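Below: coords18.cif (mmCIF, C-alpha atoms, pLDDT in the B column; chains and numbers go by the auth columns)
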```
data_start
#
loop_
_atom_site.group_PDB
_atom_site.id
_atom_site.type_symbol
_atom_site.label_atom_id
_atom_site.label_comp_id
_atom_site.label_asym_id
_atom_site.label_seq_id
_atom_site.Cartn_x
_atom_site.Cartn_y
_atom_site.Cartn_z
_atom_site.B_iso_or_equiv
_atom_site.auth_seq_id
_atom_site.auth_asym_id
ATOM 1 C CA MET A 1 -148.300 225.358 140.456 42.00 20 A
ATOM 2 C CA ARG A 2 -144.844 225.903 138.991 42.00 21 A
ATOM 3 C CA ILE A 3 -146.195 228.303 136.362 41.00 22 A
ATOM 4 C CA LYS A 4 -147.899 230.409 139.029 42.00 23 A
ATOM 5 C CA LEU A 5 -144.686 230.589 141.017 38.00 24 A
ATOM 6 C CA ILE A 6 -142.717 231.766 137.993 43.00 25 A
ATOM 7 C CA THR A 7 -145.435 234.295 137.106 41.00 26 A
ATOM 8 C CA ALA A 8 -145.542 235.583 140.670 43.00 27 A
ATOM 9 C CA SER A 9 -141.748 235.864 140.761 46.00 28 A
ATOM 10 C CA ALA A 10 -141.709 237.654 137.408 48.00 29 A
ATOM 11 C CA SER A 11 -144.409 240.056 138.632 49.00 30 A
ATOM 12 C CA ALA A 12 -142.493 240.759 141.827 48.00 31 A
ATOM 13 C CA LEU A 13 -139.297 241.334 139.840 48.00 32 A
ATOM 14 C CA THR A 14 -141.118 243.714 137.501 49.00 33 A
ATOM 15 C CA LEU A 15 -142.444 245.651 140.497 47.00 34 A
ATOM 16 C CA VAL A 16 -138.956 245.919 142.023 49.00 35 A
ATOM 17 C CA ILE A 17 -137.432 247.081 138.737 53.00 36 A
ATOM 18 C CA ALA A 18 -140.193 249.639 138.169 53.00 37 A
ATOM 19 C CA SER A 19 -139.886 251.073 141.668 53.00 38 A
ATOM 20 C CA SER A 20 -136.080 251.176 141.365 54.00 39 A
ATOM 21 C CA SER A 21 -136.376 253.089 138.081 53.00 40 A
ATOM 22 C CA ALA A 22 -138.795 255.572 139.620 52.00 41 A
ATOM 23 C CA LEU A 23 -136.488 256.086 142.610 52.00 42 A
ATOM 24 C CA ALA A 24 -133.455 256.531 140.357 53.00 43 A
ATOM 25 C CA GLN A 25 -135.314 259.067 138.212 55.00 44 A
ATOM 26 C CA SER A 26 -136.364 261.148 141.201 53.00 45 A
ATOM 27 C CA GLU A 27 -132.792 261.063 142.604 56.00 46 A
ATOM 28 C CA ASP A 28 -131.297 261.978 139.208 56.00 47 A
ATOM 29 C CA GLN A 29 -133.459 265.090 138.949 72.00 48 A
ATOM 30 C CA ASP A 30 -131.962 266.506 142.143 80.00 49 A
ATOM 31 C CA VAL A 31 -128.310 265.730 141.373 89.00 50 A
ATOM 32 C CA GLN A 32 -126.128 267.964 139.240 92.00 51 A
ATOM 33 C CA VAL A 33 -123.454 265.881 137.508 93.00 52 A
ATOM 34 C CA THR A 34 -120.255 267.578 136.415 92.00 53 A
ATOM 35 C CA PRO A 35 -118.527 266.096 133.352 90.00 54 A
ATOM 36 C CA PRO A 36 -114.821 265.263 133.510 91.00 55 A
ATOM 37 C CA PRO A 37 -112.377 268.077 132.688 89.00 56 A
ATOM 38 C CA LEU A 38 -111.858 268.590 128.951 91.00 57 A
ATOM 39 C CA GLU A 39 -108.087 268.017 129.217 91.00 58 A
ATOM 40 C CA VAL A 40 -108.625 264.354 130.235 92.00 59 A
ATOM 41 C CA LEU A 41 -111.115 263.572 127.465 92.00 60 A
ATOM 42 C CA ILE A 42 -110.208 262.041 124.113 89.00 61 A
ATOM 43 C CA GLU A 43 -113.067 262.709 121.749 91.00 62 A
ATOM 44 C CA GLU A 44 -111.823 260.799 118.713 91.00 63 A
ATOM 45 C CA GLN A 45 -109.156 258.342 117.694 88.00 64 A
ATOM 46 C CA GLU A 46 -106.294 259.835 115.717 87.00 65 A
ATOM 47 C CA THR A 47 -105.027 258.110 112.570 85.00 66 A
ATOM 48 C CA GLU A 48 -101.761 256.957 114.193 84.00 67 A
ATOM 49 C CA GLN A 49 -103.534 255.512 117.262 84.00 68 A
ATOM 50 C CA VAL A 50 -104.587 251.878 117.595 86.00 69 A
ATOM 51 C CA LEU A 51 -107.298 250.473 119.858 88.00 70 A
ATOM 52 C CA SER A 52 -106.395 247.492 122.029 88.00 71 A
ATOM 53 C CA ALA A 53 -109.549 245.802 120.728 89.00 72 A
ATOM 54 C CA ASP A 54 -107.944 245.866 117.265 88.00 73 A
ATOM 55 C CA LEU A 55 -104.747 244.293 118.622 91.00 74 A
ATOM 56 C CA ILE A 56 -106.172 241.441 120.691 93.00 75 A
ATOM 57 C CA GLY A 57 -106.596 238.531 118.320 92.00 76 A
ATOM 58 C CA ALA A 58 -104.602 240.275 115.590 93.00 77 A
ATOM 59 C CA ASP A 59 -102.168 238.266 113.498 93.00 78 A
ATOM 60 C CA VAL A 60 -98.562 238.379 114.634 95.00 79 A
ATOM 61 C CA MET A 61 -96.380 238.480 111.548 94.00 80 A
ATOM 62 C CA HIS A 62 -92.736 238.349 110.497 93.00 81 A
ATOM 63 C CA ALA A 63 -92.002 240.662 107.566 89.00 82 A
ATOM 64 C CA GLU A 64 -90.256 237.920 105.557 91.00 83 A
ATOM 65 C CA HIS A 65 -91.571 234.658 107.036 89.00 84 A
ATOM 66 C CA GLY A 66 -95.276 235.476 107.279 91.00 85 A
ATOM 67 C CA ALA A 67 -97.710 234.471 110.038 92.00 86 A
ATOM 68 C CA ILE A 68 -96.335 233.559 113.450 93.00 87 A
ATOM 69 C CA GLY A 69 -99.457 233.402 115.620 94.00 88 A
ATOM 70 C CA THR A 70 -101.969 235.758 117.242 94.00 89 A
ATOM 71 C CA LEU A 71 -101.711 238.403 119.935 96.00 90 A
ATOM 72 C CA ASP A 72 -103.713 236.976 122.849 94.00 91 A
ATOM 73 C CA SER A 73 -103.047 239.533 125.590 94.00 92 A
ATOM 74 C CA ILE A 74 -101.270 242.722 126.481 95.00 93 A
ATOM 75 C CA LEU A 75 -99.368 242.726 129.766 95.00 94 A
ATOM 76 C CA PHE A 76 -99.378 245.830 132.006 94.00 95 A
ATOM 77 C CA ASP A 77 -97.242 246.584 135.054 95.00 96 A
ATOM 78 C CA SER A 78 -98.361 248.154 138.340 94.00 97 A
ATOM 79 C CA ASP A 79 -97.706 251.627 136.869 94.00 98 A
ATOM 80 C CA ASP A 80 -100.276 250.942 134.089 93.00 99 A
ATOM 81 C CA LYS A 81 -97.569 250.769 131.432 95.00 100 A
ATOM 82 C CA ILE A 82 -97.556 248.148 128.688 94.00 101 A
ATOM 83 C CA VAL A 83 -94.633 245.818 129.332 95.00 102 A
ATOM 84 C CA GLY A 84 -95.364 242.914 127.028 96.00 103 A
ATOM 85 C CA GLY A 85 -97.545 241.017 124.658 96.00 104 A
ATOM 86 C CA VAL A 86 -98.586 237.366 124.835 97.00 105 A
ATOM 87 C CA VAL A 87 -98.450 235.541 121.527 96.00 106 A
ATOM 88 C CA ALA A 88 -100.342 232.297 120.880 95.00 107 A
ATOM 89 C CA VAL A 89 -98.237 230.171 118.556 94.00 108 A
ATOM 90 C CA GLY A 90 -98.590 226.695 117.108 86.00 109 A
ATOM 91 C CA GLY A 91 -101.475 224.350 117.643 75.00 110 A
ATOM 92 C CA PHE A 92 -104.226 223.345 115.285 76.00 111 A
ATOM 93 C CA LEU A 93 -107.748 224.790 115.265 71.00 112 A
ATOM 94 C CA GLY A 94 -107.119 226.388 118.653 66.00 113 A
ATOM 95 C CA PHE A 95 -105.852 223.202 120.331 78.00 114 A
ATOM 96 C CA GLY A 96 -102.299 222.773 121.568 82.00 115 A
ATOM 97 C CA LYS A 97 -101.282 226.377 121.143 89.00 116 A
ATOM 98 C CA LYS A 98 -98.454 227.708 123.257 93.00 117 A
ATOM 99 C CA HIS A 99 -98.335 231.162 124.853 95.00 118 A
ATOM 100 C CA VAL A 100 -95.094 233.110 124.764 96.00 119 A
ATOM 101 C CA ALA A 101 -94.740 236.563 126.332 96.00 120 A
ATOM 102 C CA LEU A 102 -92.357 239.082 124.850 96.00 121 A
ATOM 103 C CA SER A 103 -91.271 242.545 125.867 96.00 122 A
ATOM 104 C CA TRP A 104 -93.514 245.154 124.238 96.00 123 A
ATOM 105 C CA ASP A 105 -90.521 246.793 122.547 95.00 124 A
ATOM 106 C CA GLN A 106 -90.253 243.662 120.375 96.00 125 A
ATOM 107 C CA PHE A 107 -93.615 244.419 118.737 95.00 126 A
ATOM 108 C CA GLU A 108 -94.171 246.783 115.855 94.00 127 A
ATOM 109 C CA VAL A 109 -97.733 248.056 115.711 93.00 128 A
ATOM 110 C CA ARG A 110 -98.814 249.486 112.385 87.00 129 A
ATOM 111 C CA ALA A 111 -101.939 251.627 112.627 82.00 130 A
ATOM 112 C CA GLU A 112 -102.811 250.969 108.983 84.00 131 A
ATOM 113 C CA GLU A 113 -102.865 247.166 109.400 84.00 132 A
ATOM 114 C CA PRO A 114 -104.794 244.824 111.668 83.00 133 A
ATOM 115 C CA ALA A 115 -101.549 242.998 112.510 90.00 134 A
ATOM 116 C CA VAL A 116 -98.430 243.351 114.652 94.00 135 A
ATOM 117 C CA TYR A 117 -94.916 242.476 113.588 96.00 136 A
ATOM 118 C CA LEU A 118 -91.972 240.767 115.283 96.00 137 A
ATOM 119 C CA ASP A 119 -88.392 240.159 114.171 95.00 138 A
ATOM 120 C CA LEU A 120 -88.709 236.610 115.518 95.00 139 A
ATOM 121 C CA THR A 121 -89.880 233.538 113.647 93.00 140 A
ATOM 122 C CA ARG A 122 -92.568 231.013 114.531 92.00 141 A
ATOM 123 C CA GLU A 123 -89.848 228.422 115.106 93.00 142 A
ATOM 124 C CA GLN A 124 -88.095 230.664 117.634 94.00 143 A
ATOM 125 C CA LEU A 125 -91.317 231.157 119.591 94.00 144 A
ATOM 126 C CA GLU A 126 -92.148 227.451 119.472 93.00 145 A
ATOM 127 C CA VAL A 127 -88.891 226.642 121.302 94.00 146 A
ATOM 128 C CA ALA A 128 -89.167 229.601 123.729 95.00 147 A
ATOM 129 C CA PRO A 129 -90.353 229.037 127.308 94.00 148 A
ATOM 130 C CA SER A 130 -94.118 229.179 127.800 94.00 149 A
ATOM 131 C CA PHE A 131 -95.728 232.099 129.595 95.00 150 A
ATOM 132 C CA THR A 132 -97.590 231.355 132.826 92.00 151 A
ATOM 133 C CA ASP A 133 -100.170 233.866 134.024 91.00 152 A
ATOM 134 C CA GLN A 134 -101.110 234.555 137.664 89.00 153 A
ATOM 135 C CA ALA A 135 -104.406 232.647 137.439 89.00 154 A
ATOM 136 C CA THR A 136 -102.526 229.504 136.374 90.00 155 A
ATOM 137 C CA ILE A 137 -99.900 229.989 139.091 91.00 156 A
ATOM 138 C CA ARG A 138 -102.617 230.318 141.765 92.00 157 A
ATOM 139 C CA ALA A 139 -104.475 227.279 140.443 94.00 158 A
ATOM 140 C CA GLU A 140 -101.291 225.198 140.504 91.00 159 A
ATOM 141 C CA GLU A 141 -100.515 226.336 144.063 92.00 160 A
ATOM 142 C CA GLU A 142 -104.049 225.482 145.208 93.00 161 A
ATOM 143 C CA ALA A 143 -103.860 222.062 143.545 93.00 162 A
ATOM 144 C CA MET A 144 -100.503 221.383 145.223 92.00 163 A
ATOM 145 C CA GLN A 145 -101.895 222.439 148.609 92.00 164 A
ATOM 146 C CA ALA A 146 -104.991 220.253 148.155 92.00 165 A
ATOM 147 C CA GLN A 147 -102.789 217.288 147.236 91.00 166 A
ATOM 148 C CA GLN A 148 -100.600 217.830 150.320 89.00 167 A
ATOM 149 C CA GLU A 149 -103.683 218.044 152.564 88.00 168 A
ATOM 150 C CA MET A 150 -105.054 214.821 151.080 89.00 169 A
ATOM 151 C CA GLN A 151 -101.723 213.053 151.674 87.00 170 A
ATOM 152 C CA GLN A 152 -101.689 214.264 155.283 86.00 171 A
ATOM 153 C CA GLN A 153 -105.233 212.980 155.827 86.00 172 A
ATOM 154 C CA GLN A 154 -104.326 209.626 154.340 86.00 173 A
ATOM 155 C CA GLN A 155 -101.278 209.366 156.610 85.00 174 A
ATOM 156 C CA GLN A 156 -103.390 210.182 159.662 84.00 175 A
ATOM 157 C CA GLN A 157 -105.990 207.584 158.713 84.00 176 A
ATOM 158 C CA ALA A 158 -103.482 204.825 157.892 71.00 177 A
ATOM 159 C CA PRO A 159 -103.341 202.125 160.622 68.00 178 A
ATOM 160 C CA LEU A 160 -100.201 202.203 162.682 59.00 179 A
ATOM 161 C CA GLU A 161 -98.108 199.040 162.330 55.00 180 A
#
```
Would it be possible to restate this file's structure as structure tokens?
Amino acid sequence: MRIKLITASASALTLVIASSSALAQSEDQDVQVTPPPLEVLIEEQETEQVLSADLIGADVMHAEHGAIGTLDSILFDSDDKIVGGVVAVGGFLGFGKKHVALSWDQFEVRAEEPAVYLDLTREQLEVAPSFTDQATIRAEEEAMQAQQEMQQQQQQQAPLE
């Protein structure tokens, strides 16, 4: 019985996908799509340009003291400008690492290397304040609110003496 249900569901899904494809094809034939203007397109990466995908996870280095950590994130402002980088420092095998955010002007990106450089040491970052992202802030606020609501419920349920 279960096998028939799965087979019937798979058949129905196949029918829906096939009819959606046919509908999309007939709609696509009638629509003329205009490409974006040439002045907004970048057709190839130049030698001095670096992709963010090459930076995320890249080693963060000090020229004289070696490895500091890894670049975990790039921080943008509301104007879509890069304002900082978040460095993961310390820890062992991914556990216990600390995140420290620094102004983007502190980073030196070298297009020829899969690394970024700082003039700060690992020890300086290990004693710096940790970075807290918005998801963590919201989660902490929600946990605090839930705890307050639970305390209020417990106070309401406590027998009056």
Legend entry - Exercise: Leu144 of chain A partners within 9 Å, all atoms listed in the file, chain neighbours under 6 positions left out, as a PyMOL selection string: chain A and resi 87+106+108-109+117-119
Inset, instruction - Kindly indicate which residue among A:Gln176, A:Leu139, A:Gln167, A:Leu94 lies nearest to Glu127 of chain A, using all atoms listed in the file for the distances. - result: A:Leu139
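If you apply the PyMOL selection byres ((chain A and resi 128) around 12) to this structure, you end up with Glu67, Gln68, Val69, Leu70, Ser71, Asp73, Leu74, Ile75, Ala77, Asp78, Val79, Met80, Leu90, Gly104, Trp123, Asp124, Gln125, Phe126, Glu127, Arg129, Ala130, Glu131, Glu132, Pro133, Ala134, Val135, Tyr136 and Leu137 of chain A.
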Could you give me the centre and size, in Å to one decimal, of an axis-aligned box around all listed atoms of segment 119-132 of chain A with 3 Å added on every side, as AutoDock Vina command-line options?
```
--center_x -96.6 --center_y 242.4 --center_z 117.7 --size_x 18.6 --size_y 24.5 --size_z 23.3
```
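Separating atom CA of Thr140 of chain A from atom CA of Phe111 of chain A is a distance of 17.7 Å.
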Legend entry - Gap from atom CA of Glu159 of chain A to atom CA of Glu145 of chain A - Å, one decimal: 23.0 Å
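Nearest to Gly103 of chain A of all the residues A:Leu121, A:Met163, A:Val59, A:Ala86 is A:Leu121, counting all atoms listed in the file.
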Legend entry - Distance in Å - atom CA of Ile93 of chain A versus atom CA of Thr151 of chain A: 13.5 Å
